[in-house]
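K.L.:
Next comes the structure file model08.cif, holding mmCIF, C-alpha atoms.
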```
data_coords
#
loop_
_atom_site.group_PDB
_atom_site.id
_atom_site.type_symbol
_atom_site.label_atom_id
_atom_site.label_comp_id
_atom_site.auth_asym_id
_atom_site.auth_seq_id
_atom_site.Cartn_x
_atom_site.Cartn_y
_atom_site.Cartn_z
ATOM 1 C CA MET J 2 88.059 118.312 114.104
ATOM 2 C CA ASN J 3 89.785 115.885 116.488
ATOM 3 C CA ILE J 4 93.208 116.684 115.055
ATOM 4 C CA ILE J 5 92.623 120.402 115.604
ATOM 5 C CA LEU J 6 91.570 119.759 119.196
ATOM 6 C CA PHE J 7 94.602 117.520 119.663
ATOM 7 C CA ILE J 8 96.942 120.275 118.427
ATOM 8 C CA ILE J 9 95.220 122.822 120.676
ATOM 9 C CA ASN J 10 95.567 120.428 123.609
ATOM 10 C CA VAL J 11 99.302 119.970 123.059
ATOM 11 C CA LEU J 12 99.877 123.703 122.580
ATOM 12 C CA LEU J 13 97.938 124.536 125.749
ATOM 13 C CA LEU J 14 100.050 122.043 127.698
ATOM 14 C CA VAL J 15 103.310 123.526 126.425
ATOM 15 C CA ILE J 16 102.188 127.121 126.929
ATOM 16 C CA GLY J 17 100.967 126.243 130.417
ATOM 17 C CA GLN J 18 104.337 124.691 131.303
ATOM 18 C CA THR J 19 106.105 127.728 129.847
ATOM 19 C CA MET J 20 104.002 130.048 131.985
ATOM 20 C CA TRP J 21 104.759 127.926 135.063
ATOM 21 C CA LYS J 22 108.498 128.127 134.365
ATOM 22 C CA ILE J 23 108.337 131.900 133.942
ATOM 23 C CA GLY J 24 106.301 132.155 137.130
ATOM 24 C CA ALA J 25 108.643 129.864 139.049
ATOM 25 C CA GLU J 26 111.650 131.923 137.991
ATOM 26 C CA LYS J 27 109.983 135.067 139.323
ATOM 27 C CA ILE J 28 109.102 133.603 142.722
ATOM 28 C CA GLU J 29 111.483 134.066 145.596
ATOM 29 C CA ILE J 30 111.919 130.917 147.662
ATOM 30 C CA SER J 31 111.433 132.023 151.276
ATOM 31 C CA GLY J 32 109.443 129.552 153.350
ATOM 32 C CA PHE J 33 105.705 130.086 153.852
ATOM 33 C CA LYS J 34 105.771 133.272 151.793
ATOM 34 C CA THR J 35 106.668 131.125 148.780
ATOM 35 C CA ILE J 36 103.277 129.397 148.950
ATOM 36 C CA ILE J 37 101.489 132.756 148.941
ATOM 37 C CA ASN J 38 103.626 133.960 146.030
ATOM 38 C CA VAL J 39 102.777 130.819 144.049
ATOM 39 C CA ILE J 40 99.050 131.142 144.756
ATOM 40 C CA LEU J 41 99.024 134.807 143.719
ATOM 41 C CA SER J 42 101.332 134.581 140.690
ATOM 42 C CA PRO J 43 99.481 135.449 137.475
ATOM 43 C CA TRP J 44 101.920 133.209 135.571
ATOM 44 C CA ILE J 45 101.136 130.197 137.758
ATOM 45 C CA ILE J 46 97.393 130.911 137.712
ATOM 46 C CA GLY J 47 97.414 131.396 133.933
ATOM 47 C CA GLY J 48 99.297 128.146 133.399
ATOM 48 C CA GLY J 49 96.805 126.367 135.644
ATOM 49 C CA VAL J 50 93.855 127.745 133.690
ATOM 50 C CA LEU J 51 95.407 126.509 130.448
ATOM 51 C CA TYR J 52 95.913 123.090 132.021
ATOM 52 C CA VAL J 53 92.241 122.952 133.029
ATOM 53 C CA ILE J 54 91.181 123.784 129.462
ATOM 54 C CA ALA J 55 93.652 121.227 128.077
ATOM 55 C CA THR J 56 92.248 118.598 130.436
ATOM 56 C CA VAL J 57 88.686 119.212 129.263
ATOM 57 C CA ILE J 58 89.842 118.855 125.651
ATOM 58 C CA TRP J 59 91.822 115.724 126.581
ATOM 59 C CA LEU J 60 88.756 114.104 128.172
ATOM 60 C CA TYR J 61 86.785 114.772 125.003
ATOM 61 C CA LEU J 62 89.574 113.297 122.867
ATOM 62 C CA LEU J 63 89.755 110.226 125.106
ATOM 63 C CA SER J 64 86.070 109.624 124.451
ATOM 64 C CA LYS J 65 86.570 109.775 120.676
ATOM 65 C CA LEU J 66 89.996 108.294 119.890
ATOM 66 C CA PRO J 67 91.957 105.189 120.913
ATOM 67 C CA LEU J 68 94.232 105.774 123.902
ATOM 68 C CA SER J 69 96.929 103.718 122.164
ATOM 69 C CA LEU J 70 96.987 106.396 119.453
ATOM 70 C CA ILE J 71 96.569 109.732 121.182
ATOM 71 C CA TYR J 72 98.642 109.144 124.304
ATOM 72 C CA PRO J 73 101.890 108.399 122.417
ATOM 73 C CA LEU J 74 101.170 111.237 119.994
ATOM 74 C CA GLN J 75 101.041 113.649 122.901
ATOM 75 C CA SER J 76 104.817 113.256 123.131
ATOM 76 C CA VAL J 77 104.917 115.945 120.440
ATOM 77 C CA ALA J 78 104.618 118.317 123.412
ATOM 78 C CA TYR J 79 108.165 117.330 124.441
ATOM 79 C CA ILE J 80 109.465 118.414 121.062
ATOM 80 C CA ILE J 81 107.634 121.736 121.118
ATOM 81 C CA ALA J 82 108.852 122.346 124.679
ATOM 82 C CA LEU J 83 112.439 121.795 123.556
ATOM 83 C CA PHE J 84 112.044 124.593 121.007
ATOM 84 C CA VAL J 85 110.470 126.824 123.661
ATOM 85 C CA ALA J 86 113.497 126.130 125.862
ATOM 86 C CA LEU J 87 115.785 127.032 122.980
ATOM 87 C CA PHE J 88 114.075 130.210 121.794
ATOM 88 C CA VAL J 89 112.288 131.586 124.868
ATOM 89 C CA PHE J 90 114.645 130.577 127.662
ATOM 90 C CA LYS J 91 117.830 130.608 125.533
ATOM 91 C CA GLU J 92 118.844 127.173 126.828
ATOM 92 C CA VAL J 93 121.704 125.316 125.199
ATOM 93 C CA ILE J 94 120.399 121.994 123.895
ATOM 94 C CA PRO J 95 123.030 119.240 123.777
ATOM 95 C CA ILE J 96 123.221 116.916 120.788
ATOM 96 C CA THR J 97 121.927 113.990 122.824
ATOM 97 C CA ARG J 98 118.607 115.817 123.340
ATOM 98 C CA TRP J 99 118.349 116.517 119.619
ATOM 99 C CA VAL J 100 118.889 112.807 119.007
ATOM 100 C CA GLY J 101 116.152 112.118 121.544
ATOM 101 C CA VAL J 102 113.833 114.464 119.655
ATOM 102 C CA ALA J 103 114.567 112.562 116.456
ATOM 103 C CA VAL J 104 113.677 109.301 118.201
ATOM 104 C CA ILE J 105 110.420 110.811 119.488
ATOM 105 C CA LEU J 106 109.572 112.072 116.002
ATOM 106 C CA PHE J 107 110.214 108.644 114.548
ATOM 107 C CA GLY J 108 108.040 107.094 117.246
ATOM 108 C CA VAL J 109 105.219 109.546 116.511
ATOM 109 C CA TYR J 110 105.508 108.670 112.830
ATOM 110 C CA LEU J 111 105.238 104.957 113.609
ATOM 111 C CA VAL J 112 102.280 105.405 115.955
ATOM 112 C CA ALA J 113 100.404 107.656 113.514
ATOM 113 C CA LYS J 114 101.084 105.411 110.510
#
```
Any chance you could give the structure as structure tokens?

P.N.:
Amino acid sequence: MNIILFIINVLLLVIGQTMWKIGAEKIEISGFKTIINVILSPWIIGGGVLYVIATVIWLYLLSKLPLSLIYPLQSVAYIIALFVALFVFKEVIPITRWVGVAVILFGVYLVAK
């Protein structure tokens, strides 16, 4: 059950960040009006709601699992976000970032082992 909650937590974090990026790209930067646009953006609000849910799940996981295990494992979110950047935002990912992803994956393997 904890692994399922962990996966949900990571996915909610990545989806929330994705929603914030979409929302941020749609907001016009124009002084005080920007604050109102951020507050009223459904993308920003939706991302915030997902973050609240992810935080509740995270608090539960912290009560059940060692921090030295779950905190490093949460770096899987960086890897998922890289694929979101590639496929959703059509970003070009340089080779050095792919190498970084490989290092993160190896680190996750070592922590989980």

K.L.:
Exactly which residues make up the result of the PyMOL selection byres ((chain J and resi 46-53) around 6) on this file, given as a VMD selection string?

P.N.:
chain J and resid 13 17 20 to 21 43 to 45 54 to 56

K.L.:
Which residues come within 10 Å of stretch 78-83 of chain J, counting all atoms listed in the file, excluding same-chain residues fewer than 3 positions away, as a list in words?

P.N.:
Ile8, Asn10, Val11, Leu12, Leu13, Leu14, Val15, Ile16, Gln18, Thr19, Leu74, Gln75, Ala86, Leu87, Phe88, Val89, Phe90, Glu92, Ile94, Arg98, Trp99, Gly101, Val102, Ala103, Ile105 and Leu106 of chain J

K.L.:
Can you measure atom CA of J:Leu111 to atom CA of J:Trp59 for me? One decimal in Å is fine.

P.N.:
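Computing it gives 21.5 Å between the two atoms.
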
K.L.:
Between atom CA of J:Leu6 and atom CA of J:Tyr61, what is the spacing in Å?

P.N.:
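Taking atom CA of J:Tyr61 as the start and atom CA of J:Leu6 as the end point, the length is 9.0 Å.
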
K.L.:
Do you have the atom CA of J:Leu66-atom CA of J:Phe84 distance handy?

P.N.:
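Value for the atom CA of J:Leu66-atom CA of J:Phe84 distance: 27.4 Å.
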